[in-house]
Amino acid sequence: MSISKSARIIATPSAYARENYLFVQETGSLQSIEPHMSKRENLASFLFFVVVKGSGSLIYKKQTYPIHTGDCIFIDCLEEYAHISSKEDPWELSWVHFHGKDANVFYKNYIEQGNPFLFHPSDLSLFLDSLSFLYITQKEQTPYTELLCHKYITDLITHCFVENGQPKSGVNQSIYEKIRQVCEYIDTHFQEEITLDSLSQHFFISKYHLAREFKRITGSTPGSYLLGKRISNGKNLLRFTNASIEEISQSCGISDPGYFTKVFKKAENMTPKQYRKKW
């Protein structure tokens with residue numbers, strides 16, 4: 001007797017997709033009829049699934065987590081994991097296994113920012129729509145299937161970042177507001193000398209706490225964020241003024257034109273003069 005009803009599509013990506021896209025390995029939906037465990041480890045894949053209805057549990061990193069209707073799970077399948085539907089309230093799942101170019105980078109960044117692998121989103125429809133689009137696109141198969149699936153997987157990952165990047169309450173809201181103020185301050189004062197110490201003193205926050213929370217929330221260090229603003233300003237001046245490199249460097253808050261050229265080239269893979277000629 002069957003213990004579940006499922007509709008799944010197993011995909012084999014082209015060599016081009018393997019090298020250039022995020023690609024589907026398997027996608028589908030499942031309705032459990034009675035409890036059964038699905039268990040894997042050392043699988044080169046990332047699994048995202050939604051509990052559409054019902055409840056069960058997830059075993060991940062040697063911990064057991066109860067999961068319920070509306071929960072989303074986003075895990076690295078190289079880790080040992082298992083999930084099992086409850087007997088009293090068998091679940092219905094919608095899922096995708098995926099991998100591909102930069103999948104590891106996306107997931108590492110997601111986790112390093114302190115985002116959870118198990119969460120209950122405020123708008124589940126965004127995640128269900130992306131999963132539905134993936135399944136339909138795989139089923140219909142057109143010359144654009146792999147490109148479209150890359151888009152829908154990217155959408156799914158983006159929803160995870162955005163959903164979990166929002167402050168939820170209390171302390172979280174306080175630190176998010178603080179980091180927002182720091183970003184605004186840098187945006188306004190990037191031409192001035194700004195250090196982690198000066199930001200710490202200005203905003204009455206430990207520089208270690210500031211550095212950690214800034215990186216967690218923005219994905220960048222305060223120094224990198226500042227440098228990005230300075231380079232962006234430099235690019236604008238290179239394109240739309242006749243100012244010299246020395247003048248532009250000063251306008252960007254970098255007193256040494258040689259250093260400005262060095263960091264500009266590292267960021268853009270060309271010198272400021274080359275950028276001006278190309279653009």
# chains A, B, ... in the order shown; residues from 1 in each chain; ligands from 1

call {"tool": "select_by_dssp", "arguments": {"residues": "region 34-257 of chain A", "states": "strand (DSSP E or B)", "output": "NGL selection string"}}
result
:A and (37-40 or 46-53 or 55-60 or 63-68 or 72-76 or 81-85 or 92-100 or 118-119)

call {"tool": "select_by_dssp", "arguments": {"residues": "region 71-266 of chain A", "states": "alpha helix (DSSP H)", "output": "ChimeraX atom specification"}}
result
/A:103-112,124-140,145-164,170-189,196-203,207-218,222-240,245-251,257-266

call {"tool": "residues_around", "arguments": {"residues": "region 263-273 of chain A", "least_positions_apart": "3", "cutoff": "9 Å", "atoms": "only C-alpha atoms", "output": "PyMOL selection string"}}
result
chain A and resi 227-228+231+234-235+238+245+258-260+276-278

call {"tool": "write_last_selection", "arguments": {"atoms": "C-alpha atoms", "output": "PDB file, in the first residue's frame"}}
result
ATOM      1  CA  LEU A 227      34.546  52.256  -0.023  1.00  0.00           C
ATOM      2  CA  GLY A 228      31.663  51.301  -2.309  1.00  0.00           C
ATOM      3  CA  ILE A 231      33.982  54.474  -5.712  1.00  0.00           C
ATOM      4  CA  GLY A 234      34.173  58.600  -8.244  1.00  0.00           C
ATOM      5  CA  LYS A 235      32.530  56.833 -11.197  1.00  0.00           C
ATOM      6  CA  LEU A 238      34.622  60.436 -14.007  1.00  0.00           C
ATOM      7  CA  ILE A 245      41.920  62.124 -10.857  1.00  0.00           C
ATOM      8  CA  GLY A 258      47.496  56.621  -5.995  1.00  0.00           C
ATOM      9  CA  TYR A 259      45.500  54.744  -3.389  1.00  0.00           C
ATOM     10  CA  PHE A 260      42.262  55.839  -5.059  1.00  0.00           C
ATOM     11  CA  ARG A 276      36.425  57.375 -18.120  1.00  0.00           C
ATOM     12  CA  LYS A 277      37.378  56.408 -21.670  1.00  0.00           C
ATOM     13  CA  LYS A 278      35.076  53.374 -21.793  1.00  0.00           C
TER      14      LYS A 278
END

call {"tool": "residues_around", "arguments": {"residues": "region 184-186 of chain A", "least_positions_apart": "3", "cutoff": "9 Å", "atoms": "only C-alpha atoms", "output": "list in words"}}
result
Ile179, Arg180, Gln181, His189, Phe190, Gln191, Ile194, Leu199, Pro222, Tyr225, Leu226 and Lys229 of chain A

call {"tool": "write_last_selection", "arguments": {"atoms": "N, CA and C atoms", "output": "PDB file, in the first residue's frame"}}
result
ATOM      1  N   ILE A 179      21.645  50.274  12.446  1.00  0.00           N
ATOM      2  CA  ILE A 179      22.436  50.024  11.233  1.00  0.00           C
ATOM      3  C   ILE A 179      21.943  50.885  10.085  1.00  0.00           C
ATOM      4  N   ARG A 180      20.635  51.092  10.013  1.00  0.00           N
ATOM      5  CA  ARG A 180      20.091  51.979   8.970  1.00  0.00           C
ATOM      6  C   ARG A 180      20.644  53.390   9.135  1.00  0.00           C
ATOM      7  N   GLN A 181      20.722  53.851  10.377  1.00  0.00           N
ATOM      8  CA  GLN A 181      21.261  55.182  10.642  1.00  0.00           C
ATOM      9  C   GLN A 181      22.740  55.266  10.280  1.00  0.00           C
ATOM     10  N   HIS A 189      28.293  61.346   4.686  1.00  0.00           N
ATOM     11  CA  HIS A 189      29.605  61.840   5.126  1.00  0.00           C
ATOM     12  C   HIS A 189      30.780  61.062   4.524  1.00  0.00           C
ATOM     13  N   PHE A 190      30.567  60.368   3.415  1.00  0.00           N
ATOM     14  CA  PHE A 190      31.629  59.518   2.869  1.00  0.00           C
ATOM     15  C   PHE A 190      32.860  60.313   2.440  1.00  0.00           C
ATOM     16  N   GLN A 191      32.700  61.632   2.227  1.00  0.00           N
ATOM     17  CA  GLN A 191      33.853  62.452   1.828  1.00  0.00           C
ATOM     18  C   GLN A 191      34.762  62.762   3.015  1.00  0.00           C
ATOM     19  N   ILE A 194      36.188  58.542   8.002  1.00  0.00           N
ATOM     20  CA  ILE A 194      35.283  57.697   8.785  1.00  0.00           C
ATOM     21  C   ILE A 194      36.016  56.406   9.120  1.00  0.00           C
ATOM     22  N   LEU A 199      32.662  55.720  14.050  1.00  0.00           N
ATOM     23  CA  LEU A 199      31.258  55.304  13.961  1.00  0.00           C
ATOM     24  C   LEU A 199      30.772  54.786  15.307  1.00  0.00           C
ATOM     25  N   PRO A 222      31.419  47.698   7.430  1.00  0.00           N
ATOM     26  CA  PRO A 222      31.311  49.155   7.313  1.00  0.00           C
ATOM     27  C   PRO A 222      32.363  49.742   6.371  1.00  0.00           C
ATOM     28  N   TYR A 225      31.403  49.003   2.773  1.00  0.00           N
ATOM     29  CA  TYR A 225      30.254  49.843   2.402  1.00  0.00           C
ATOM     30  C   TYR A 225      30.719  51.265   2.103  1.00  0.00           C
ATOM     31  N   LEU A 226      31.575  51.801   2.954  1.00  0.00           N
ATOM     32  CA  LEU A 226      32.121  53.143   2.751  1.00  0.00           C
ATOM     33  C   LEU A 226      32.902  53.231   1.449  1.00  0.00           C
ATOM     34  N   LYS A 229      30.658  53.389  -1.582  1.00  0.00           N
ATOM     35  CA  LYS A 229      30.078  54.714  -1.791  1.00  0.00           C
ATOM     36  C   LYS A 229      31.091  55.654  -2.430  1.00  0.00           C
TER      37      LYS A 229
END

call {"tool": "residues_around", "arguments": {"residues": "Leu148 (chain A)", "least_positions_apart": "5", "cutoff": "10 Å", "atoms": "only C-alpha atoms", "output": "ChimeraX atom specification"}}
result
/A:21-23,133-134,137-138,142-143,153-154

call {"tool": "write_last_selection", "arguments": {"atoms": "C-alpha atoms", "output": "PDB file, in the first residue's frame"}}
result
ATOM      1  CA  TYR A  21      22.816  28.545 -13.890  1.00  0.00           C
ATOM      2  CA  LEU A  22      21.119  27.499 -10.725  1.00  0.00           C
ATOM      3  CA  PHE A  23      19.342  24.352 -11.875  1.00  0.00           C
ATOM      4  CA  PHE A 133       6.440  28.083 -11.508  1.00  0.00           C
ATOM      5  CA  LEU A 134       9.403  25.723 -11.216  1.00  0.00           C
ATOM      6  CA  THR A 137       8.274  25.169 -16.268  1.00  0.00           C
ATOM      7  CA  GLN A 138       9.966  21.793 -15.859  1.00  0.00           C
ATOM      8  CA  THR A 142      10.703  24.849 -23.785  1.00  0.00           C
ATOM      9  CA  PRO A 143      14.044  26.176 -25.065  1.00  0.00           C
ATOM     10  CA  ILE A 153      15.269  29.564  -7.995  1.00  0.00           C
ATOM     11  CA  THR A 154      16.894  32.987  -7.681  1.00  0.00           C
TER      12      THR A 154
END

call {"tool": "closest_residue", "arguments": {"among": "A:Leu237, A:Arg230, A:Gly114, A:Gln250", "to": "Thr218 (chain A)", "atoms": "only C-alpha atoms"}}
result
A:Gly114

call {"tool": "closest_residue", "arguments": {"among": "A:Thr12, A:Ala7, A:Glu193, A:Thr64", "to": "Ser255 (chain A)", "atoms": "only C-alpha atoms"}}
result
A:Glu193

call {"tool": "residues_around", "arguments": {"residues": "Gln63 (chain A)", "least_positions_apart": "5", "cutoff": "12 Å", "atoms": "only C-alpha atoms", "output": "PyMOL selection string"}}
result
chain A and resi 57-58+79-83

call {"tool": "closest_residue", "arguments": {"among": "A:Tyr152, A:Phe98, A:Tyr275, A:Phe74", "to": "Leu126 (chain A)", "atoms": "only C-alpha atoms"}}
result
A:Tyr152

call {"tool": "residues_around", "arguments": {"residues": "region 28-45 of chain A", "least_positions_apart": "5", "cutoff": "6 Å", "atoms": "only C-alpha atoms", "output": "PyMOL selection string"}}
result
chain A and resi 3-8+77-87+90-95+98-99

call {"tool": "write_last_selection", "arguments": {"atoms": "C-alpha atoms", "output": "tab-separated table (two decimals), in the first residue's frame"}}
result
chain	number	residue	atom	x	y	z
A	3	ILE	CA	2.30	5.65	2.03
A	4	SER	CA	2.21	8.87	-0.02
A	5	LYS	CA	0.98	10.40	-3.23
A	6	SER	CA	3.49	12.48	-5.11
A	7	ALA	CA	3.95	14.40	-8.34
A	8	ARG	CA	7.60	14.92	-9.06
A	77	CYS	CA	21.84	18.36	1.92
A	78	LEU	CA	25.51	17.66	2.46
A	79	GLU	CA	24.44	17.62	6.10
A	80	GLU	CA	22.61	14.54	7.34
A	81	TYR	CA	18.89	15.23	7.49
A	82	ALA	CA	15.55	13.46	7.75
A	83	HIS	CA	11.92	14.52	7.80
A	84	ILE	CA	8.82	12.60	8.77
A	85	SER	CA	5.11	13.38	8.58
A	86	SER	CA	3.01	13.14	11.73
A	87	LYS	CA	0.54	10.28	12.15
A	90	PRO	CA	-0.20	13.88	7.66
A	91	TRP	CA	1.40	16.64	5.71
A	92	GLU	CA	1.42	17.93	2.18
A	93	LEU	CA	4.74	19.30	0.92
A	94	SER	CA	5.93	21.29	-2.06
A	95	TRP	CA	9.67	21.23	-2.73
A	98	PHE	CA	18.57	22.48	-6.67
A	99	HIS	CA	22.24	23.22	-7.18
